[in-house]
>>> print(open('structure_17.tsv').read())   # TSV, C-alpha atoms and all ligand atoms
chain	number	residue	atom	x	y	z
A	1	MET	CA	-2.03	-30.72	-0.75
A	2	ILE	CA	-5.21	-28.67	-0.66
A	3	TYR	CA	-6.85	-26.72	2.15
A	4	THR	CA	-10.05	-24.74	1.93
A	5	SER	CA	-11.69	-22.06	4.02
A	6	PHE	CA	-14.66	-24.33	4.70
A	7	ASP	CA	-12.98	-27.63	5.71
A	8	ASN	CA	-10.87	-28.16	8.86
A	9	PRO	CA	-13.18	-26.43	11.39
A	10	GLY	CA	-11.49	-28.30	14.29
A	11	LEU	CA	-8.01	-27.15	13.30
A	12	VAL	CA	-9.20	-23.57	12.89
A	13	LYS	CA	-10.90	-23.64	16.33
A	14	VAL	CA	-7.69	-24.80	18.05
A	15	LEU	CA	-5.60	-22.28	16.10
A	16	THR	CA	-7.94	-19.38	16.86
A	17	PHE	CA	-7.92	-20.26	20.55
A	18	LEU	CA	-4.11	-20.40	20.60
A	19	LYS	CA	-3.95	-17.05	18.75
A	20	THR	CA	-6.25	-15.28	21.16
A	21	HIS	CA	-4.35	-16.63	24.19
A	22	ASN	CA	-0.80	-16.31	22.87
A	23	THR	CA	0.59	-14.82	26.08
A	24	GLU	CA	-0.28	-17.88	28.15
A	25	TYR	CA	0.19	-21.64	27.97
A	26	LEU	CA	-2.94	-23.69	27.39
A	27	SER	CA	-3.07	-27.29	28.50
A	28	GLY	CA	-4.34	-30.03	26.24
A	29	GLN	CA	-7.09	-30.66	28.80
A	30	ASP	CA	-8.18	-26.97	28.77
A	31	LEU	CA	-8.31	-26.95	24.98
A	32	SER	CA	-10.24	-30.20	24.98
A	33	ASP	CA	-12.76	-28.91	27.58
A	34	VAL	CA	-13.30	-25.50	25.99
A	35	LEU	CA	-13.45	-26.66	22.39
A	36	LYS	CA	-15.35	-29.85	23.21
A	37	ILE	CA	-13.02	-32.15	21.30
A	38	SER	CA	-10.95	-35.09	22.58
A	39	ARG	CA	-7.37	-34.63	23.80
A	40	VAL	CA	-6.21	-36.85	20.95
A	41	ALA	CA	-7.95	-34.53	18.47
A	42	VAL	CA	-6.28	-31.51	20.14
A	43	TRP	CA	-2.87	-33.15	19.77
A	44	LYS	CA	-3.53	-34.06	16.11
A	45	HIS	CA	-4.55	-30.49	15.32
A	46	ILE	CA	-1.48	-29.07	17.08
A	47	LYS	CA	0.79	-31.40	15.09
A	48	LYS	CA	-0.88	-30.24	11.86
A	49	ILE	CA	-0.66	-26.58	12.90
A	50	ILE	CA	3.10	-26.99	13.49
A	51	SER	CA	3.51	-28.72	10.12
A	52	LEU	CA	1.92	-25.66	8.47
A	53	GLY	CA	4.71	-23.37	9.64
A	54	TYR	CA	3.21	-21.98	12.88
A	55	ILE	CA	5.56	-22.13	15.84
A	56	VAL	CA	3.95	-23.65	18.91
A	57	GLU	CA	5.98	-23.99	22.10
A	58	SER	CA	5.00	-26.88	24.29
A	59	LYS	CA	6.06	-27.18	27.94
A	60	GLN	CA	5.43	-30.14	30.16
A	61	LYS	CA	2.74	-29.49	32.77
A	62	LEU	CA	1.97	-26.06	31.23
A	63	GLY	CA	0.75	-26.90	27.73
A	64	TYR	CA	0.96	-25.09	24.40
A	65	ARG	CA	1.64	-21.51	23.34
A	66	LEU	CA	1.65	-20.04	19.80
A	67	THR	CA	4.76	-17.89	19.39
A	68	LYS	CA	4.88	-17.25	15.63
A	69	ASN	CA	2.39	-17.13	12.81
A	70	THR	CA	2.87	-19.03	9.58
A	71	GLU	CA	4.12	-17.36	6.42
A	72	LEU	CA	1.90	-19.50	4.20
A	73	LEU	CA	-1.11	-18.00	2.44
A	74	LEU	CA	-3.51	-20.40	4.16
A	75	PRO	CA	-7.26	-19.99	3.57
A	76	TRP	CA	-8.25	-19.19	7.18
A	77	GLU	CA	-5.45	-16.58	7.32
A	78	ILE	CA	-6.86	-14.89	4.22
A	79	THR	CA	-10.52	-14.96	5.31
A	80	HIS	CA	-9.77	-13.84	8.88
A	81	GLY	CA	-10.46	-10.09	9.02
A	82	LEU	CA	-11.11	-9.87	5.27
A	83	LYS	CA	-13.29	-6.83	4.65
A	84	THR	CA	-14.96	-7.80	1.38
A	85	LYS	CA	-18.56	-8.80	0.73
A	86	LYS	CA	-17.91	-11.61	-1.72
A	87	ILE	CA	-14.40	-11.76	-3.18
A	88	GLY	CA	-12.14	-14.20	-1.32
A	89	LYS	CA	-14.73	-15.37	1.20
A	90	ARG	CA	-14.29	-18.87	-0.17
A	91	VAL	CA	-10.68	-20.00	-0.61
A	92	TYR	CA	-8.93	-23.02	-2.13
A	93	TYR	CA	-5.24	-23.26	-1.20
A	94	PHE	CA	-2.55	-25.41	-2.81
A	95	ASP	CA	1.06	-25.75	-1.78
A	96	SER	CA	1.75	-26.59	-5.43
A	97	ILE	CA	-0.49	-26.78	-8.50
A	98	ASP	CA	-0.02	-26.63	-12.27
A	99	SER	CA	-2.06	-23.42	-12.59
A	100	THR	CA	-4.69	-21.82	-10.35
A	101	GLN	CA	-6.29	-20.63	-13.58
A	102	ASN	CA	-6.89	-24.23	-14.69
A	103	TYR	CA	-8.43	-25.17	-11.34
A	104	ALA	CA	-10.67	-22.08	-11.35
A	105	ASN	CA	-11.82	-22.74	-14.91
A	106	ASP	CA	-12.86	-26.27	-13.89
A	107	ILE	CA	-15.22	-25.06	-11.14
A	108	VAL	CA	-16.25	-21.67	-12.54
A	109	ASN	CA	-19.81	-22.64	-13.53
A	110	ASP	CA	-20.88	-23.63	-10.01
A	111	PRO	CA	-23.00	-20.74	-8.62
A	112	LYS	CA	-21.54	-21.17	-5.12
A	113	GLU	CA	-18.06	-20.34	-6.44
A	114	ASP	CA	-18.91	-16.71	-7.25
A	115	GLY	CA	-16.10	-14.76	-5.54
A	116	ALA	CA	-13.94	-17.86	-4.85
A	117	LEU	CA	-10.18	-17.44	-4.62
A	118	ILE	CA	-7.79	-20.15	-5.71
A	119	ILE	CA	-4.26	-19.59	-4.49
A	120	ALA	CA	-0.96	-21.51	-4.64
A	121	GLU	CA	2.44	-21.14	-3.03
A	122	LYS	CA	3.92	-22.17	-6.38
A	123	GLN	CA	2.71	-23.20	-9.83
A	124	THR	CA	4.42	-25.74	-12.04
A	125	GLY	CA	2.65	-24.64	-15.25
A	126	GLY	CA	1.82	-20.98	-14.63
A	127	LYS	CA	0.08	-19.37	-17.63
A	128	GLY	CA	0.81	-15.91	-18.92
A	129	ARG	CA	-1.01	-13.90	-21.59
A	130	GLU	CA	-0.60	-14.65	-25.30
A	131	GLY	CA	0.18	-18.31	-24.54
A	132	ARG	CA	3.36	-17.47	-22.64
A	133	LYS	CA	4.66	-19.23	-19.52
A	134	TRP	CA	4.50	-17.45	-16.18
A	135	ALA	CA	7.29	-18.06	-13.66
A	136	SER	CA	5.63	-18.90	-10.34
A	137	PRO	CA	8.20	-19.89	-7.71
A	138	GLU	CA	7.56	-19.77	-3.94
A	139	GLY	CA	7.48	-16.23	-2.59
A	140	GLY	CA	5.03	-14.85	-5.15
A	141	ILE	CA	1.28	-14.41	-4.77
A	142	TRP	CA	-0.30	-16.51	-7.51
A	143	PHE	CA	-4.08	-16.66	-7.57
A	144	SER	CA	-7.27	-16.74	-9.61
A	145	ILE	CA	-10.62	-15.25	-8.70
A	146	ILE	CA	-13.95	-16.51	-9.97
A	147	MET	CA	-16.67	-13.96	-10.65
A	148	HIS	CA	-20.17	-14.11	-12.09
A	149	PRO	CA	-20.54	-10.40	-12.74
A	150	LYS	CA	-23.47	-10.28	-15.23
A	151	MET	CA	-21.87	-7.28	-16.88
A	152	ASP	CA	-22.34	-6.08	-20.40
A	153	ILE	CA	-20.03	-7.69	-22.99
A	154	GLY	CA	-18.59	-4.26	-23.84
A	155	LEU	CA	-16.94	-4.09	-20.42
A	156	SER	CA	-14.78	-7.21	-20.97
A	157	THR	CA	-11.66	-5.28	-21.93
A	158	LEU	CA	-12.09	-2.86	-19.04
A	159	ILE	CA	-11.91	-5.61	-16.40
A	160	PRO	CA	-8.13	-6.21	-16.57
A	161	ILE	CA	-7.56	-2.45	-16.76
A	162	ALA	CA	-9.59	-1.92	-13.58
A	163	SER	CA	-7.95	-4.90	-11.84
A	164	SER	CA	-4.44	-3.63	-12.53
A	165	LEU	CA	-5.44	-0.16	-11.33
A	166	ALA	CA	-6.70	-1.73	-8.09
A	167	LEU	CA	-3.32	-3.43	-7.67
A	168	ARG	CA	-1.40	-0.20	-8.31
A	169	ASN	CA	-3.50	1.49	-5.64
A	170	THR	CA	-2.90	-1.35	-3.17
A	171	ILE	CA	0.87	-1.15	-3.70
A	172	SER	CA	0.75	2.61	-3.15
A	173	LYS	CA	-1.45	2.47	-0.03
A	174	THR	CA	0.14	-0.49	1.75
A	175	LEU	CA	3.80	-0.43	0.67
A	176	LYS	CA	4.08	3.29	-0.20
A	177	ILE	CA	5.63	2.45	-3.57
A	178	GLU	CA	4.50	4.31	-6.68
A	179	SER	CA	4.12	1.79	-9.51
A	180	GLU	CA	2.99	2.39	-13.10
A	181	LEU	CA	0.53	0.78	-15.48
A	182	LYS	CA	1.61	-0.61	-18.83
A	183	TRP	CA	-1.22	-1.32	-21.28
A	184	PRO	CA	-3.12	-3.56	-21.17
A	185	ASN	CA	-2.64	-4.81	-17.62
A	186	ASP	CA	0.94	-4.95	-16.39
A	187	VAL	CA	1.99	-3.24	-13.19
A	188	THR	CA	5.60	-2.03	-13.33
A	189	ILE	CA	8.19	-0.36	-11.14
A	190	ASN	CA	11.07	1.40	-12.89
A	191	HIS	CA	9.83	-0.16	-16.16
A	192	LYS	CA	10.13	-3.71	-14.85
A	193	LYS	CA	7.15	-5.99	-14.40
A	194	VAL	CA	5.97	-6.57	-10.87
A	195	ALA	CA	2.58	-8.13	-11.71
A	196	GLY	CA	0.50	-9.37	-14.59
A	197	MET	CA	-3.10	-10.45	-15.11
A	198	ILE	CA	-4.98	-12.73	-17.41
A	199	ALA	CA	-8.77	-12.87	-17.80
A	200	ASP	CA	-10.73	-15.86	-19.10
A	201	ILE	CA	-14.20	-14.63	-19.90
A	202	ALA	CA	-17.25	-16.69	-20.90
A	203	LEU	CA	-20.10	-14.86	-22.60
A	204	GLU	CA	-23.82	-15.57	-22.80
A	205	SER	CA	-25.93	-13.48	-25.22
A	206	ASN	CA	-24.63	-9.97	-24.63
A	207	LYS	CA	-23.56	-10.50	-21.00
A	208	ILE	CA	-20.44	-11.76	-19.27
A	209	LYS	CA	-21.54	-15.12	-17.84
A	210	ASN	CA	-18.47	-15.74	-15.78
A	211	LEU	CA	-14.93	-14.60	-15.39
A	212	VAL	CA	-11.70	-16.11	-14.11
A	213	LEU	CA	-9.21	-13.41	-13.30
A	214	GLY	CA	-5.68	-14.73	-12.85
A	215	ILE	CA	-3.21	-12.50	-11.08
A	216	GLY	CA	0.48	-13.02	-10.56
A	217	ILE	CA	2.32	-10.74	-8.14
A	218	ASN	CA	6.09	-10.90	-7.77
A	219	PHE	CA	5.87	-10.29	-4.05
A	220	ASN	CA	9.09	-11.81	-2.73
A	221	VAL	CA	10.80	-13.63	-5.58
A	222	ASN	CA	14.31	-13.64	-6.96
A	223	ALA	CA	13.88	-11.27	-9.90
A	224	LYS	CA	17.32	-12.00	-11.36
A	225	THR	CA	16.64	-15.75	-11.56
A	226	ILE	CA	13.37	-15.13	-13.41
A	227	GLU	CA	15.02	-12.62	-15.74
A	228	ASN	CA	17.77	-15.08	-16.64
A	229	LYS	CA	15.24	-17.80	-17.35
A	230	PHE	CA	12.81	-15.70	-19.39
A	231	LYS	CA	14.99	-13.11	-21.09
A	232	ASP	CA	14.49	-14.67	-24.54
A	233	THR	CA	10.68	-14.79	-24.28
A	234	PRO	CA	8.94	-12.47	-26.79
A	235	ASN	CA	8.09	-9.06	-25.32
A	236	PHE	CA	9.93	-9.79	-22.06
A	237	TYR	CA	11.15	-6.53	-20.55
A	238	GLY	CA	12.40	-7.47	-17.08
A	239	VAL	CA	10.98	-8.37	-13.71
A	240	CYS	CA	11.15	-6.91	-10.23
A	241	SER	CA	9.98	-8.01	-6.80
A	242	LEU	CA	8.02	-5.91	-4.29
A	243	ALA	CA	10.07	-7.15	-1.32
A	244	ASP	CA	13.17	-5.53	-2.85
A	245	PHE	CA	11.51	-2.15	-2.11
A	246	ASN	CA	9.56	-2.77	1.08
A	247	LYS	CA	9.36	-5.78	3.38
A	248	THR	CA	7.08	-4.37	6.08
A	249	VAL	CA	3.78	-5.91	5.00
A	250	SER	CA	2.93	-9.62	5.08
A	251	PRO	CA	1.68	-11.24	1.87
A	252	VAL	CA	-1.64	-12.11	3.56
A	253	GLU	CA	-2.23	-8.51	4.63
A	254	PHE	CA	-1.28	-7.28	1.17
A	255	LEU	CA	-3.63	-9.75	-0.52
A	256	GLN	CA	-6.53	-8.82	1.78
A	257	LYS	CA	-6.08	-5.14	0.89
A	258	TYR	CA	-5.95	-5.98	-2.80
A	259	LEU	CA	-9.17	-8.03	-2.65
A	260	GLN	CA	-10.86	-5.03	-1.06
A	261	GLU	CA	-9.59	-2.66	-3.75
A	262	LEU	CA	-10.61	-5.13	-6.43
A	263	GLU	CA	-14.15	-5.40	-5.10
A	264	TYR	CA	-14.29	-1.61	-4.99
A	265	VAL	CA	-13.33	-1.19	-8.69
A	266	PHE	CA	-15.80	-3.87	-9.71
A	267	GLN	CA	-18.55	-2.06	-7.82
A	268	SER	CA	-17.47	1.15	-9.60
A	269	ILE	CA	-17.82	-0.58	-12.99
A	270	GLU	CA	-21.25	-1.89	-12.00
A	271	LYS	CA	-22.28	1.64	-10.98
A	272	GLY	CA	-21.18	2.88	-14.42
A	273	LYS	CA	-18.18	4.88	-13.19
A	274	ILE	CA	-16.24	3.98	-16.32
A	275	LYS	CA	-14.81	7.43	-17.02
A	276	GLU	CA	-13.39	7.62	-13.49
A	277	ILE	CA	-11.57	4.29	-13.91
A	278	VAL	CA	-10.23	5.18	-17.36
A	279	ASN	CA	-9.05	8.58	-16.11
A	280	GLU	CA	-7.34	7.12	-13.06
A	281	TRP	CA	-5.70	4.36	-15.07
A	282	SER	CA	-4.48	6.99	-17.57
A	283	LYS	CA	-3.01	9.09	-14.77
A	284	TYR	CA	-0.71	6.25	-13.72
A	285	SER	CA	-0.02	4.84	-17.17
A	286	SER	CA	3.54	4.59	-18.47
A	287	THR	CA	2.22	3.71	-21.96
A	288	LEU	CA	0.31	6.88	-22.78
A	289	GLY	CA	2.33	9.61	-24.49
A	290	ARG	CA	5.03	7.13	-25.42
A	291	LYS	CA	6.19	5.79	-28.78
A	292	VAL	CA	5.09	2.17	-28.94
A	293	VAL	CA	4.86	-0.75	-31.30
A	294	ALA	CA	1.82	-3.02	-31.30
A	295	THR	CA	2.24	-6.41	-32.95
A	296	LEU	CA	-1.00	-7.64	-34.51
A	297	ASP	CA	-1.58	-10.95	-36.34
A	298	ASP	CA	-0.80	-9.47	-39.74
A	299	ALA	CA	0.87	-6.11	-39.07
A	300	LYS	CA	2.95	-3.95	-36.78
A	301	ILE	CA	1.71	-0.52	-35.80
A	302	VAL	CA	4.28	2.02	-34.69
A	303	GLY	CA	3.09	5.32	-33.26
A	304	ILE	CA	2.32	7.34	-30.18
A	305	ALA	CA	-0.07	5.80	-27.62
A	306	VAL	CA	-2.46	8.71	-27.19
A	307	LYS	CA	-5.24	7.39	-24.92
A	308	ILE	CA	-7.41	4.48	-23.90
A	309	ASP	CA	-11.09	4.50	-24.82
A	310	ASP	CA	-13.90	3.92	-22.34
A	311	ASP	CA	-13.80	0.22	-23.16
A	312	GLY	CA	-10.08	0.01	-22.34
A	313	MET	CA	-8.86	-0.18	-25.95
A	314	LEU	CA	-5.60	1.58	-26.76
A	315	ILE	CA	-5.49	4.31	-29.40
A	316	ILE	CA	-2.21	4.59	-31.31
A	317	GLN	CA	-1.64	7.55	-33.61
A	318	ASP	CA	0.78	6.94	-36.49
A	319	LYS	CA	1.62	9.43	-39.23
A	320	ASP	CA	-1.57	8.58	-41.15
A	321	LYS	CA	-4.33	7.75	-38.70
A	322	LYS	CA	-5.53	6.51	-35.34
A	323	HIS	CA	-5.58	2.75	-34.69
A	324	ARG	CA	-7.71	1.05	-31.99
A	325	ILE	CA	-5.88	-1.85	-30.42
A	326	VAL	CA	-8.23	-4.38	-28.87
A	327	ALA	CA	-5.85	-6.90	-27.34
A	328	GLY	CA	-2.27	-8.10	-27.40
A	329	ASP	CA	0.90	-6.44	-26.26
A	330	VAL	CA	2.62	-3.18	-26.90
A	331	LYS	CA	6.32	-2.62	-26.63
A	332	HIS	CA	7.52	0.72	-25.29
A	333	LEU	CA	10.11	2.06	-27.72
A	334	GLU	CA	11.65	4.80	-25.68
A	335	TYR	CA	11.77	5.86	-22.06
A	336	ARG	CA	11.53	9.39	-20.83
A	401	LIG	C1	0.70	-11.99	-17.89
A	401	LIG	O1	1.17	-12.60	-18.86
A	401	LIG	O2	1.09	-10.85	-17.59
A	401	LIG	C2	-0.36	-12.63	-17.04
A	401	LIG	C3	0.21	-13.43	-15.92
A	401	LIG	C4	-0.85	-14.09	-15.05
A	401	LIG	C5	-0.24	-15.05	-14.05
A	401	LIG	C6	-1.24	-15.55	-13.06
A	401	LIG	S1	-0.48	-16.36	-11.70
A	401	LIG	C7	-2.02	-16.95	-11.15
A	401	LIG	C8	-2.81	-17.34	-12.37
A	401	LIG	N1	-2.52	-18.70	-12.74
A	401	LIG	C9	-1.88	-18.79	-13.90
A	401	LIG	O3	-1.50	-19.85	-14.43
A	401	LIG	N2	-1.71	-17.57	-14.42
A	401	LIG	C10	-2.27	-16.54	-13.57
>>> encode(input="structure_17.tsv", output="structure tokens", more="lines below")
Ligand code: BTN
Amino acid sequence: MIYTSFDNPGLVKVLTFLKTHNTEYLSGQDLSDVLKISRVAVWKHIKKIISLGYIVESKQKLGYRLTKNTELLLPWEITHGLKTKKIGKRVYYFDSIDSTQNYANDIVNDPKEDGALIIAEKQTGGKGREGRKWASPEGGIWFSIIMHPKMDIGLSTLIPIASSLALRNTISKTLKIESELKWPNDVTINHKKVAGMIADIALESNKIKNLVLGIGINFNVNAKTIENKFKDTPNFYGVCSLADFNKTVSPVEFLQKYLQELEYVFQSIEKGKIKEIVNEWSKYSSTLGRKVVATLDDAKIVGIAVKIDDDGMLIIQDKDKKHRIVAGDVKHLEYR
């Protein structure tokens, strides 16, 4: 099942009217007169609204009243009140999909999709970095964002760094939880992974032509179940769920705040504020200053992670020299 932010105008009209009059009952005739649609259409929309998890009370002679919002991440819920210029203004929603990343990659070249958000309640073939699987049960926030940023190629590795920093800041501002950043782009709490990102980047001459940023947030998932299932995956170091720390914010509100923060860091990159992003990321990093091992195609590098460069690459100092790590994973060898 798919819903978008640009289809279903009739349903959204009825829903908006019910939301703005939720203290009173509205008759089918009133809705039909005000919204200029037939009574049959009103009834069809109400049935659909109820099937999407909204609770609508109906009383004979009085009409309908919305008493509870849905918990689904529906497109019109995300776009309503969203304070971004471009990111997330166009939304594709799936109750289930193989991977939002696949769907986004299929439509990425269309100019009208710049800023589009593809979101799913669950994924059946969620993709992680380095060809790994990504557990995506209901309760998480699983989405991909399409961007046509026209940035310099050299900024490719900085994008996931900046995006994970934006997520750390959202978690701190909305949920009041202090999370950490593990290079290259994991967000962790107490050294367990709460979110990960993947970036598919297409290049043209020396510019980024388009980008699909896939983000998986363990918002309200059963961390133990995922840990049991994935504990034997290479580089797996445990999972945690945001709802285990704070349940006061709805996933839609959280996502809206994140999209705002994300747009802000992208604007900062475009304005050349690279040092500021690198410094802020470093401040919250759990990788820097720690003994780590980086596994490359043909070698393992063991040393102290000393800093990230302005392009987001990690510098590891071993007993002989400094190594620049472009991509891949590092394993933290000891915790403070
Ligand atoms: C990682 O390995 O840390 C990256 C995980 C990225 C998961 C997200 S969930 C939404 C999007 N769709 C996918 O199939 N993967 C990304």
>>> residues_near_ligand(input="structure_17.tsv", ligand="ligand LIG 401 (chain A)", cutoff="6 Å", atoms="all atoms listed in the file", output="list in words")
Ser99, Thr100, Gln101, Gly126, Lys127, Gly128, Arg129, Trp134, Trp142, Phe143, Ser144, Gly196, Met197, Ile198, Gly214, Ile215 and Gly216 of chain A
>>> closest_residue(input="structure_17.tsv", among="A:Asp232, A:Glu204, A:Asp33, A:Glu77", to="A:Thr4", atoms="only C-alpha atoms")
A:Glu77
>>> atom_distance(input="structure_17.tsv", atom1="atom CA of A:Gly63", atom2="atom CA of A:Leu26")
4.9 Å
>>> closest_residue(input="structure_17.tsv", among="A:Trp183, A:Phe17, A:Tyr3, A:Phe219", to="A:Ser250", atoms="all atoms listed in the file")
A:Phe219
>>> closest_residue(input="structure_17.tsv", among="A:Asn105, A:Asn235, A:Asn222, A:Ser286", to="A:Glu178", atoms="all atoms listed in the file")
A:Ser286
>>> closest_residue(input="structure_17.tsv", among="A:Glu270, A:Asp110, A:Asp244, A:Glu121", to="A:Gly139", atoms="all atoms listed in the file")
A:Glu121
>>> closest_atom_pairs(input="structure_17.tsv", of="stretch 281-308 of chain A", to="stretch 168-174 of chain A", cutoff="12 Å", atoms="only C-alpha atoms", output="tab-separated table")
residue	atom	partner	partner_atom	distance
A:Trp281	CA	A:Arg168	CA	9.2
A:Lys283	CA	A:Arg168	CA	11.4
A:Tyr284	CA	A:Arg168	CA	8.4
A:Ser285	CA	A:Arg168	CA	10.3
>>> atom_distance(input="structure_17.tsv", atom1="atom CA of A:Lys271", atom2="atom CA of A:Ile201")
20.2 Å
>>> closest_atom_pairs(input="structure_17.tsv", of="stretch 238-319 of chain A", to="stretch 80-98 of chain A", cutoff="10 Å", atoms="all atoms listed in the file", output="JSON lines")
{"residue": "A:Val252", "atom": "CA", "partner": "A:His80", "partner_atom": "CA", "distance": 9.9}
{"residue": "A:Glu253", "atom": "CA", "partner": "A:Leu82", "partner_atom": "CA", "distance": 9.0}
{"residue": "A:Leu255", "atom": "CA", "partner": "A:Leu82", "partner_atom": "CA", "distance": 9.5}
{"residue": "A:Gln256", "atom": "CA", "partner": "A:Leu82", "partner_atom": "CA", "distance": 5.9}
{"residue": "A:Lys257", "atom": "CA", "partner": "A:Leu82", "partner_atom": "CA", "distance": 8.2}
{"residue": "A:Leu259", "atom": "CA", "partner": "A:Ile87", "partner_atom": "CA", "distance": 6.4}
{"residue": "A:Gln260", "atom": "CA", "partner": "A:Thr84", "partner_atom": "CA", "distance": 5.5}
{"residue": "A:Glu261", "atom": "CA", "partner": "A:Thr84", "partner_atom": "CA", "distance": 9.0}
{"residue": "A:Leu262", "atom": "CA", "partner": "A:Ile87", "partner_atom": "CA", "distance": 8.3}
{"residue": "A:Glu263", "atom": "CA", "partner": "A:Ile87", "partner_atom": "CA", "distance": 6.6}
{"residue": "A:Tyr264", "atom": "CA", "partner": "A:Thr84", "partner_atom": "CA", "distance": 8.9}
>>> residues_around(input="structure_17.tsv", residues="A:Gln60", least_positions_apart="5", cutoff="12 Å", atoms="only C-alpha atoms", output="number ranges by chain")
A: 25-28, 65
>>> closest_residue(input="structure_17.tsv", among="A:Leu52, A:Leu181, A:Leu213, A:Ile189", to="A:Tyr103", atoms="all atoms listed in the file")
A:Leu213
>>> atom_distance(input="structure_17.tsv", atom1="atom CA of A:Gly303", atom2="atom CA of A:Arg324")
11.7 Å
>>> residues_around(input="structure_17.tsv", residues="A:Leu203", least_positions_apart="4", cutoff="10 Å", atoms="only C-alpha atoms", output="NGL selection string")
:A and (150-153 or 156 or 207-211)
>>> axis_aligned_box(input="structure_17.tsv", around="stretch 213-221 of chain A", padding_each_side="5 Å", output="JSON")
{"center_x": 0.8, "center_y": -12.5, "center_z": -8.0, "size_x": 30.0, "size_y": 14.4, "size_z": 20.6}
